[in-house]
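entry24.tsv (TSV, C-alpha atoms and all ligand atoms)
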```
chain	number	residue	atom	x	y	z
A	17	MET	CA	-81.80	37.25	73.25
A	18	LEU	CA	-84.79	37.48	70.98
A	19	GLN	CA	-85.90	34.05	69.73
A	20	LEU	CA	-87.90	33.84	66.53
A	21	LYS	CA	-90.39	30.99	66.15
A	22	SER	CA	-90.96	28.78	63.09
A	23	GLU	CA	-94.48	28.35	61.68
A	24	LYS	CA	-94.51	24.87	63.19
A	25	GLU	CA	-93.61	26.24	66.60
A	26	ILE	CA	-96.26	28.94	66.30
A	27	LYS	CA	-98.83	26.18	65.63
A	28	LYS	CA	-97.88	24.61	68.97
A	29	ILE	CA	-98.14	27.97	70.76
A	30	LEU	CA	-101.54	28.43	69.09
A	31	GLU	CA	-102.67	25.06	70.42
A	32	ALA	CA	-101.66	26.07	73.95
A	33	SER	CA	-103.27	29.48	73.46
A	34	GLN	CA	-106.64	28.10	72.40
A	35	ILE	CA	-106.87	25.86	75.47
A	36	LEU	CA	-105.83	28.81	77.59
A	37	ALA	CA	-108.41	31.18	76.11
A	38	GLU	CA	-111.19	28.66	76.66
A	39	ILE	CA	-110.23	28.22	80.32
A	40	LEU	CA	-109.83	31.95	80.93
A	41	HIS	CA	-113.32	32.67	79.59
A	42	ALA	CA	-114.85	29.79	81.52
A	43	CYS	CA	-113.23	31.30	84.63
A	44	GLY	CA	-114.76	34.66	83.70
A	45	ASP	CA	-118.19	33.04	83.47
A	46	LEU	CA	-117.77	31.65	87.00
A	47	ALA	CA	-116.75	35.01	88.44
A	48	ALA	CA	-120.10	35.92	90.01
A	49	PRO	CA	-120.83	37.59	93.37
A	50	GLY	CA	-120.00	35.28	96.31
A	51	ILE	CA	-117.38	33.05	94.71
A	52	THR	CA	-113.95	33.21	96.31
A	53	THR	CA	-110.84	34.00	94.32
A	54	GLY	CA	-109.33	30.73	95.60
A	55	GLU	CA	-112.21	28.77	94.08
A	56	LEU	CA	-111.51	30.40	90.72
A	57	ASP	CA	-107.83	29.49	91.06
A	58	ASN	CA	-108.75	25.85	91.73
A	59	PHE	CA	-110.96	25.84	88.66
A	60	VAL	CA	-108.16	27.23	86.50
A	61	ARG	CA	-105.53	24.83	87.84
A	62	ASN	CA	-107.75	21.75	87.48
A	63	SER	CA	-108.90	22.76	83.99
A	64	ILE	CA	-105.33	23.23	82.77
A	65	ILE	CA	-104.14	19.92	84.22
A	66	ARG	CA	-107.15	18.07	82.82
A	67	ARG	CA	-106.09	19.23	79.34
A	68	GLY	CA	-102.64	17.71	79.80
A	69	ALA	CA	-100.98	21.09	80.27
A	70	LYS	CA	-99.27	22.89	83.16
A	71	PRO	CA	-100.22	26.12	84.94
A	72	ALA	CA	-97.26	28.29	83.95
A	73	PHE	CA	-97.58	30.70	86.89
A	74	LEU	CA	-97.60	28.06	89.65
A	75	GLY	CA	-94.14	28.14	91.24
A	76	TYR	CA	-92.82	30.78	88.82
A	77	MET	CA	-90.57	32.95	91.02
A	78	ASN	CA	-92.38	31.19	93.89
A	79	TYR	CA	-95.79	32.53	92.84
A	80	PRO	CA	-98.27	30.34	94.80
A	81	ALA	CA	-101.20	30.02	92.34
A	82	SER	CA	-102.26	29.34	88.75
A	83	LEU	CA	-104.33	32.50	88.36
A	84	CYS	CA	-103.57	36.14	89.07
A	85	ILE	CA	-106.78	37.92	90.12
A	86	SER	CA	-106.61	41.67	90.63
A	87	ILE	CA	-109.71	43.45	91.92
A	88	ASN	CA	-110.62	47.16	91.52
A	89	ASN	CA	-107.53	49.16	92.68
A	90	GLU	CA	-105.32	46.08	92.20
A	91	VAL	CA	-103.43	46.25	88.91
A	92	ILE	CA	-101.81	42.82	88.42
A	93	HIS	CA	-100.43	39.81	90.32
A	94	GLY	CA	-103.24	39.58	92.91
A	95	ILE	CA	-102.97	36.24	94.74
A	96	PRO	CA	-106.16	34.13	94.99
A	97	GLY	CA	-107.42	33.26	98.46
A	98	ARG	CA	-110.49	33.67	100.66
A	99	ARG	CA	-111.67	36.99	99.29
A	100	LYS	CA	-115.18	36.86	97.84
A	101	LEU	CA	-116.10	38.71	94.67
A	102	LYS	CA	-118.79	41.36	95.20
A	103	GLU	CA	-121.41	42.77	92.87
A	104	GLY	CA	-119.91	45.81	91.15
A	105	ASP	CA	-116.26	44.72	91.41
A	106	ILE	CA	-114.01	44.56	88.39
A	107	ALA	CA	-111.58	41.64	88.37
A	108	GLY	CA	-108.53	41.17	86.17
A	109	LEU	CA	-107.99	37.47	85.43
A	110	ASP	CA	-104.53	36.59	84.09
A	111	VAL	CA	-103.52	33.00	83.28
A	112	GLY	CA	-100.47	31.35	81.72
A	113	ILE	CA	-100.13	27.83	80.33
A	114	GLU	CA	-97.34	25.48	79.25
A	115	LEU	CA	-98.23	22.73	76.79
A	116	ASP	CA	-95.44	20.40	75.58
A	117	GLY	CA	-92.89	23.11	76.36
A	118	TYR	CA	-94.79	25.94	74.62
A	119	PHE	CA	-96.05	28.91	76.61
A	120	SER	CA	-98.93	31.34	76.25
A	121	ASP	CA	-100.27	34.19	78.40
A	122	THR	CA	-103.62	36.02	78.36
A	123	ALA	CA	-105.77	38.24	80.57
A	124	ILE	CA	-109.19	39.89	80.67
A	125	THR	CA	-110.88	42.19	83.13
A	126	ILE	CA	-114.50	41.37	83.82
A	127	GLY	CA	-117.34	43.03	85.70
A	128	VAL	CA	-118.88	41.09	88.60
A	129	GLY	CA	-122.64	41.37	88.19
A	130	ARG	CA	-123.67	44.94	87.35
A	131	ILE	CA	-120.88	47.51	87.42
A	132	SER	CA	-120.84	51.31	87.32
A	133	ALA	CA	-120.75	53.23	84.04
A	134	GLU	CA	-117.30	54.57	84.92
A	135	ARG	CA	-115.97	51.04	85.42
A	136	GLU	CA	-117.59	49.95	82.13
A	137	ARG	CA	-115.77	52.80	80.42
A	138	LEU	CA	-112.41	51.81	81.94
A	139	LEU	CA	-112.86	48.23	80.69
A	140	LYS	CA	-113.92	49.37	77.24
A	141	VAL	CA	-111.02	51.79	76.80
A	142	THR	CA	-108.47	49.25	78.06
A	143	ARG	CA	-109.83	46.64	75.64
A	144	GLN	CA	-109.55	49.21	72.86
A	145	CYS	CA	-105.95	49.98	73.90
A	146	LEU	CA	-105.11	46.31	73.33
A	147	GLU	CA	-106.94	46.24	69.97
A	148	LYS	CA	-105.12	49.36	68.76
A	149	ALA	CA	-101.81	47.93	69.94
A	150	ILE	CA	-102.38	44.69	68.02
A	151	GLU	CA	-103.20	46.69	64.87
A	152	GLN	CA	-99.72	48.25	65.14
A	153	ALA	CA	-97.96	44.94	65.81
A	154	THR	CA	-97.09	44.17	62.19
A	155	ALA	CA	-93.84	43.12	60.55
A	156	GLY	CA	-91.74	46.17	59.75
A	157	ASN	CA	-93.16	48.32	62.57
A	158	ARG	CA	-91.29	48.73	65.84
A	159	VAL	CA	-92.03	47.85	69.46
A	160	SER	CA	-92.57	51.57	70.09
A	161	ASP	CA	-95.54	51.60	67.69
A	162	ILE	CA	-97.32	49.29	70.15
A	163	GLY	CA	-96.60	51.50	73.16
A	164	ARG	CA	-97.56	54.65	71.30
A	165	ALA	CA	-100.95	53.19	70.32
A	166	VAL	CA	-101.76	52.19	73.91
A	167	TYR	CA	-100.51	55.43	75.43
A	168	ASN	CA	-102.27	57.78	73.05
A	169	HIS	CA	-105.61	56.01	73.36
A	170	ALA	CA	-105.45	55.89	77.17
A	171	ARG	CA	-104.46	59.56	77.47
A	172	ALA	CA	-107.12	60.63	74.96
A	173	ASN	CA	-109.63	59.09	77.38
A	174	ASN	CA	-108.16	60.73	80.48
A	175	TYR	CA	-106.59	57.57	81.84
A	176	ASP	CA	-102.93	56.85	82.51
A	177	VAL	CA	-100.63	53.95	81.70
A	178	VAL	CA	-98.65	51.80	84.15
A	179	ARG	CA	-94.91	52.14	83.44
A	180	GLN	CA	-93.27	49.62	85.79
A	181	TYR	CA	-94.65	46.52	84.02
A	182	CYS	CA	-94.57	45.66	80.34
A	183	GLY	CA	-95.60	43.13	77.75
A	184	HIS	CA	-92.97	40.63	76.61
A	185	GLY	CA	-91.89	37.94	74.22
A	186	VAL	CA	-93.44	34.54	75.01
A	187	GLY	CA	-93.58	31.02	73.57
A	188	PHE	CA	-90.49	29.09	74.67
A	189	SER	CA	-90.78	30.44	78.22
A	190	GLN	CA	-93.10	32.73	80.15
A	191	HIS	CA	-91.12	35.95	79.71
A	192	GLU	CA	-88.71	36.51	76.83
A	193	ASP	CA	-87.25	39.46	75.00
A	194	PRO	CA	-88.30	41.90	73.80
A	195	GLN	CA	-89.88	44.00	76.50
A	196	VAL	CA	-93.06	45.59	75.18
A	197	PRO	CA	-93.80	48.81	77.11
A	198	ASN	CA	-97.23	50.40	76.92
A	199	TYR	CA	-95.69	53.89	76.51
A	200	LEU	CA	-92.73	55.43	74.68
A	201	SER	CA	-89.71	54.25	76.62
A	202	THR	CA	-86.03	54.98	76.11
A	203	GLY	CA	-85.14	51.26	76.18
A	204	PRO	CA	-84.48	48.88	73.26
A	205	ASN	CA	-86.87	49.37	70.36
A	206	PRO	CA	-86.45	46.43	67.98
A	207	ARG	CA	-88.22	46.13	64.67
A	208	LEU	CA	-91.09	43.62	64.65
A	209	ARG	CA	-90.21	40.63	62.48
A	210	PRO	CA	-91.96	37.54	61.16
A	211	GLY	CA	-91.63	34.77	63.75
A	212	MET	CA	-91.91	37.07	66.75
A	213	VAL	CA	-94.47	35.95	69.36
A	214	ILE	CA	-95.30	38.56	71.99
A	215	ALA	CA	-97.73	39.15	74.82
A	216	ILE	CA	-99.21	42.66	74.66
A	217	GLU	CA	-100.78	43.72	77.94
A	218	PRO	CA	-101.90	47.28	78.62
A	219	MET	CA	-102.48	48.12	82.31
A	220	ILE	CA	-104.61	51.25	82.41
A	221	ASN	CA	-105.32	53.36	85.50
A	222	GLN	CA	-108.33	55.54	86.12
A	223	GLY	CA	-106.09	58.02	87.98
A	224	GLY	CA	-102.30	58.39	88.02
A	225	TRP	CA	-99.84	55.89	86.53
A	226	GLN	CA	-97.99	55.22	89.81
A	227	VAL	CA	-98.27	51.79	91.44
A	228	GLU	CA	-97.02	50.07	94.60
A	229	VAL	CA	-96.41	46.46	95.62
A	230	MET	CA	-98.29	45.23	98.69
A	231	GLU	CA	-96.94	43.43	101.78
A	232	ASP	CA	-97.46	40.03	100.14
A	233	ASP	CA	-94.65	41.02	97.71
A	234	TRP	CA	-96.90	40.32	94.72
A	235	THR	CA	-100.09	42.33	94.53
A	236	VAL	CA	-99.54	45.52	92.54
A	237	VAL	CA	-102.00	48.30	93.47
A	238	THR	CA	-102.54	51.84	92.23
A	239	ALA	CA	-100.79	54.41	94.44
A	240	ASP	CA	-103.90	56.64	94.53
A	241	GLY	CA	-106.35	53.79	95.24
A	242	LEU	CA	-108.31	54.34	92.02
A	243	ASP	CA	-109.28	51.52	89.66
A	244	SER	CA	-107.12	49.73	87.12
A	245	ALA	CA	-107.82	47.34	84.23
A	246	HIS	CA	-105.69	44.87	82.27
A	247	PHE	CA	-106.18	42.94	79.04
A	248	GLU	CA	-103.57	40.71	77.41
A	249	HIS	CA	-103.22	38.66	74.23
A	250	THR	CA	-100.42	36.50	72.88
A	251	ILE	CA	-99.94	37.35	69.19
A	252	ALA	CA	-97.75	36.01	66.39
A	253	ILE	CA	-96.26	38.17	63.66
A	254	PHE	CA	-96.06	36.85	60.10
A	255	LYS	CA	-94.68	38.48	56.97
A	256	ASP	CA	-98.12	39.47	55.74
A	257	ARG	CA	-100.33	39.40	58.84
A	258	THR	CA	-100.56	39.21	62.62
A	259	GLU	CA	-102.56	36.51	64.38
A	260	THR	CA	-104.05	36.79	67.86
A	261	LEU	CA	-103.33	33.31	69.21
A	262	THR	CA	-105.37	33.70	72.41
A	263	SER	CA	-108.55	34.99	70.75
A	264	PHE	CA	-111.60	33.23	72.12
A	265	ASN	CA	-114.29	31.89	69.82
A	266	SER	CA	-117.20	30.59	71.87
B	301	LIG	N1	-98.98	36.78	83.52
B	301	LIG	C1	-98.13	37.81	84.00
B	301	LIG	C2	-97.75	38.52	82.75
B	301	LIG	O1	-98.66	38.84	82.06
B	301	LIG	C3	-97.01	37.28	84.81
B	301	LIG	C4	-97.47	36.58	86.02
B	301	LIG	S1	-96.13	36.32	87.03
B	301	LIG	C5	-96.65	35.14	88.08
B	301	LIG	O2	-96.63	38.68	82.35
B	301	LIG	F1	-95.67	34.93	88.86
B	301	LIG	F2	-97.70	35.56	88.66
B	301	LIG	F3	-96.91	34.06	87.43
B	302	CO	CO	-100.32	37.54	81.83
B	303	CO	CO	-97.75	38.66	80.20
```
Show this structure as C-alpha cells.
Ligand code: MF3
Ligand code: CO
Ligand code: CO
Amino acid sequence: MLQLKSEKEIKKILEASQILAEILHACGDLAAPGITTGELDNFVRNSIIRRGAKPAFLGYMNYPASLCISINNEVIHGIPGRRKLKEGDIAGLDVGIELDGYFSDTAITIGVGRISAERERLLKVTRQCLEKAIEQATAGNRVSDIGRAVYNHARANNYDVVRQYCGHGVGFSQHEDPQVPNYLSTGPNPRLRPGMVIAIEPMINQGGWQVEVMEDDWTVVTADGLDSAHFEHTIAIFKDRTETLTSFNS
C-alpha cells in the first residue's frame, strides 16, 4: 500500500532528514585513512541518539549496526567492524534515522584521502545519476521516469546499474511502496503524486551490473570485483515542486 503524507507529516520527515544529513556528512569528514569502520558506526549511533532520535538500521531485519559502509567493490549493506579505511578507498556511507516515528534514509560515497581519477569519475557520474533522477521525480511523471534517467546516464558513461536493489517509499517506516528501480523494470509503475516521499538511490557499477551477497549474509559486492558507488536522497513530491529533504547545507 502506498501511503501519501500530509504537509505536516512531511515537515516531520524533513526535521528527521536534516539531522540525518548533518550526521552523515560529519561521518564523511571523519572518514580518513586509519579510522576503522566500527569507529564510524559508533560515531553515527551516538550522534543520532544524542539528538533524541533512533538509528533506524540497528536491529532492522537483525542488521547489527547503525551505519552501512561499503568499500570499493562493495555495493551496499557493508557491516562496520575492525577494517581500517585506506588512502585511495571509496566508501559508501548509508544511514537511516527515526525521529518521533518519522523515517529518513540517505547515503553518499566519499573518497578516502586522494583517490584515482577513475574513482573520481565513478563518484561524479553516480552523483549525477541521482541529480537527474530527482529532476524527473515530479508530480505527474511516473516511477519509470526516475529509473530511465539513472539508467541512461550510467550507460552513457559506460557504467552499469544494479538491478537487485531499488529505491523505495519512506517516511512512516524504513521501506514502503513504491519500489523505485534504477532501470526500466516490468514491475508496478505508479504515477508520482503530491504527498509521496521516496528514497532514490542509484547503485552504479564500474563493470557489469551483477552482484552477490557475501558470507555475512549482508554485504553486497560486485560479481566482477570492480568498484561500485551509491548516493541516496529522501525527497518529497508536491503539486508544484519536489524537495530534497536530506540535502545538506553546511
Ligand atoms: N539504507 C538501506 C536503503 O537504502 C537499507 C539498509 S538495510 C539495513 O534502503 F538493514 F542495513 F538497515
Ligand atoms: Co539507505
Ligand atoms: Co534506501
Taking all atoms listed in the file into account, which residues are within 8 Å of ligand CO 303 (chain B), as a count of residues only?
13
So the first atom is CA of Ala69 (chain A) and the second is CA of Glu114 (chain A); what is the distance between them in Å, to one decimal place?
5.8 Å
Rounded to one decimal in Å, what is the spacing between CA of Ala153 (chain A) and CA of Gln195 (chain A)?
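Separation between CA of Ala153 (chain A) and CA of Gln195 (chain A): 13.4 Å.
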Just how far from CA of Leu261 (chain A) is CA of Pro71 (chain A), in Å to one decimal?
17.6 Å
For Gly68 (chain A), work out the shell of residues within 12 Å, counting all atoms listed in the file and skipping chain neighbours fewer than 6 positions away, then give it as a PyMOL selection string.
chain A and resi 31-32+35-36+61-62+113-117
Need to verify the contact set: Arg98 (chain A), 8 Å, all atoms listed in the file, exclusion of same-chain residues closer than 3 positions in sequence. Can you return it as JSON, numbers by chain?
{"A": [52, 53, 54]}
Using only C-alpha atoms and all ligand atoms, find the one residue out of A:Trp225, A:Trp234, A:Tyr118, A:Tyr79 that sits nearest to ligand LIG 301 (chain B).
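Under the stated criterion, the closest residue is A:Tyr79.
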Within 7 Å of region 241-245 of chain A, counting all atoms listed in the file, which residues show up once you throw out same-chain ones fewer than 4 positions away? Write them as a CSV table (one decimal) with C-alpha atoms, keeping the file's coordinate frame, please.
```
chain,number,residue,atom,x,y,z
A,88,ASN,CA,-110.6,47.2,91.5
A,89,ASN,CA,-107.5,49.2,92.7
A,90,GLU,CA,-105.3,46.1,92.2
A,91,VAL,CA,-103.4,46.2,88.9
A,108,GLY,CA,-108.5,41.2,86.2
A,125,THR,CA,-110.9,42.2,83.1
A,138,LEU,CA,-112.4,51.8,81.9
A,139,LEU,CA,-112.9,48.2,80.7
A,142,THR,CA,-108.5,49.2,78.1
A,219,MET,CA,-102.5,48.1,82.3
A,220,ILE,CA,-104.6,51.2,82.4
A,221,ASN,CA,-105.3,53.4,85.5
A,222,GLN,CA,-108.3,55.5,86.1
A,223,GLY,CA,-106.1,58.0,88.0
```
Taking all atoms listed in the file into account, name the residue in A:Leu101, A:Ile95, A:Ile87, A:Ala37 that is nearest to ligand LIG 301 (chain B).
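Ranking A:Leu101, A:Ile95, A:Ile87, A:Ala37 by distance to ligand LIG 301 (chain B), first place goes to A:Ile95.
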Tell me, as a compact mmCIF listing (two decimals) with C-alpha atoms, in the frame of the given file, which residues lie within 8 Å of Arg158 (chain A), counting only C-alpha atoms; anything in the same chain fewer than 3 positions away does not count.
```
# COMPACT_ATOMS: atom_id res chain seq x y z
CA ALA A 153 -97.96 44.94 65.81
CA ASP A 161 -95.54 51.60 67.69
CA ILE A 162 -97.32 49.29 70.15
CA ASN A 205 -86.87 49.37 70.36
CA PRO A 206 -86.45 46.43 67.98
CA ARG A 207 -88.22 46.13 64.67
CA LEU A 208 -91.09 43.62 64.65
```
Can I get the residues of chain A within 6 Å of ligand LIG 301 (chain B), each with the closest pair of atoms and their distance in Å to one decimal, using all atoms listed in the file, sorted chain first then ascending number, as a Markdown table?
```
| residue | atom | partner | partner_atom | distance |
| --- | --- | --- | --- | --- |
| A:Phe73 | CA | B:LIG301 | F3 | 3.5 |
| A:Tyr76 | CA | B:LIG301 | F1 | 5.0 |
| A:Met77 | CA | B:LIG301 | F1 | 5.9 |
| A:Tyr79 | CA | B:LIG301 | F1 | 4.6 |
| A:Cys84 | CA | B:LIG301 | F2 | 5.9 |
| A:His93 | CA | B:LIG301 | F2 | 5.3 |
| A:Asp110 | CA | B:LIG301 | N1 | 5.6 |
| A:Val111 | CA | B:LIG301 | N1 | 5.9 |
| A:Gly112 | CA | B:LIG301 | N1 | 5.9 |
| A:Asp121 | CA | B:LIG301 | N1 | 5.9 |
```
Pick from A:His249, A:Lys28, A:Val229, A:Asp57, whichever lies nearest to ligand CO 302 (chain B) using all atoms listed in the file
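Using all atoms listed in the file, the shortest distance to ligand CO 302 (chain B) belongs to A:His249.
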Once 3 Å is added on each side, what are the centre and the three edge lengths, in Å to one decimal, of the axis-aligned box enclosing the listed atoms of region 17-28 of chain A? Present them as JSON.
```
{"center_x": -90.3, "center_y": 31.0, "center_z": 67.5, "size_x": 23.0, "size_y": 18.9, "size_z": 17.6}
```
Non-local contacts of His41 (chain A) (12 Å; only C-alpha atoms; under 6 positions in same chain excluded) as a list in words
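Result of the neighbour search: Gln34, Ile35, Ala47, Leu56, Phe59, Val60, Ser63, Gly108, Leu109, Asp110, Val111, Thr122, Ala123, Ile124, Thr125, Ile126, Thr262, Ser263, Phe264, Asn265 and Ser266 of chain A.
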From the options A:Phe254, A:Leu83, A:Ala155, A:Asp232, which residue's atoms come nearest to ligand CO 302 (chain B), counting only C-alpha atoms and all ligand atoms?
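For ligand CO 302 (chain B), the nearest of the candidates is A:Leu83.
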For ligand CO 302 (chain B), the closest of A:Ile29, A:Ile92, A:Ala239, A:Leu18 counting all atoms listed in the file is A:Ile92
Proximity to ligand CO 302 (chain B) - best of A:Val141, A:Val128, A:Ile253, A:Leu40, only C-alpha atoms and all ligand atoms
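Smallest distance to ligand CO 302 (chain B) is found for A:Leu40.
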Protein, DNA and RNA residues within 12 Å of (-88.8, 48.3, 89.2), only C-alpha atoms, as a list in words:
Val178, Arg179, Gln180, Tyr181, Cys182, Gln226, Val227, Glu228, Val229 and Val236 of chain A
Deliver the residues from the most recent selection as a file, using C-alpha atoms, as a CSV table (one decimal), keeping the file's coordinate frame.
```csv
chain,number,residue,atom,x,y,z
A,178,VAL,CA,-98.6,51.8,84.2
A,179,ARG,CA,-94.9,52.1,83.4
A,180,GLN,CA,-93.3,49.6,85.8
A,181,TYR,CA,-94.6,46.5,84.0
A,182,CYS,CA,-94.6,45.7,80.3
A,226,GLN,CA,-98.0,55.2,89.8
A,227,VAL,CA,-98.3,51.8,91.4
A,228,GLU,CA,-97.0,50.1,94.6
A,229,VAL,CA,-96.4,46.5,95.6
A,236,VAL,CA,-99.5,45.5,92.5
```
Please return region 39-54 of chain A, rebuilt to N, CA and C atoms, as a short mmCIF file (atom, residue, chain, number, x, y, z; two decimals), in the frame of the given file.
```cif
data_model
loop_
_atom_site.label_atom_id
_atom_site.label_comp_id
_atom_site.auth_asym_id
_atom_site.auth_seq_id
_atom_site.Cartn_x
_atom_site.Cartn_y
_atom_site.Cartn_z
N ILE A 39 -110.22 28.31 78.86
CA ILE A 39 -110.23 28.22 80.32
C ILE A 39 -110.38 29.60 80.96
N LEU A 40 -109.71 30.59 80.39
CA LEU A 40 -109.83 31.95 80.93
C LEU A 40 -111.28 32.43 80.87
N HIS A 41 -111.94 32.19 79.73
CA HIS A 41 -113.32 32.67 79.59
C HIS A 41 -114.29 31.86 80.44
N ALA A 42 -114.02 30.58 80.61
CA ALA A 42 -114.85 29.79 81.52
C ALA A 42 -114.69 30.32 82.95
N CYS A 43 -113.49 30.70 83.31
CA CYS A 43 -113.23 31.30 84.63
C CYS A 43 -114.00 32.61 84.75
N GLY A 44 -113.99 33.41 83.70
CA GLY A 44 -114.76 34.66 83.70
C GLY A 44 -116.25 34.43 83.91
N ASP A 45 -116.77 33.35 83.31
CA ASP A 45 -118.19 33.04 83.47
C ASP A 45 -118.53 32.64 84.91
N LEU A 46 -117.55 32.07 85.61
CA LEU A 46 -117.77 31.65 87.00
C LEU A 46 -117.65 32.82 87.99
N ALA A 47 -117.10 33.91 87.53
CA ALA A 47 -116.75 35.01 88.44
C ALA A 47 -117.97 35.85 88.80
N ALA A 48 -118.86 35.26 89.59
CA ALA A 48 -120.10 35.92 90.01
C ALA A 48 -119.98 36.32 91.48
N PRO A 49 -120.87 37.20 91.96
CA PRO A 49 -120.83 37.59 93.37
C PRO A 49 -120.86 36.37 94.29
N GLY A 50 -119.99 36.35 95.31
CA GLY A 50 -120.00 35.28 96.31
C GLY A 50 -118.93 34.24 96.13
N ILE A 51 -118.44 34.06 94.90
CA ILE A 51 -117.38 33.05 94.71
C ILE A 51 -116.07 33.60 95.26
N THR A 52 -115.24 32.72 95.82
CA THR A 52 -113.95 33.21 96.31
C THR A 52 -112.91 33.13 95.18
N THR A 53 -111.90 33.97 95.33
CA THR A 53 -110.84 34.00 94.32
C THR A 53 -110.07 32.68 94.33
N GLY A 54 -109.98 32.04 95.50
CA GLY A 54 -109.33 30.73 95.60
C GLY A 54 -110.09 29.66 94.83
#
```
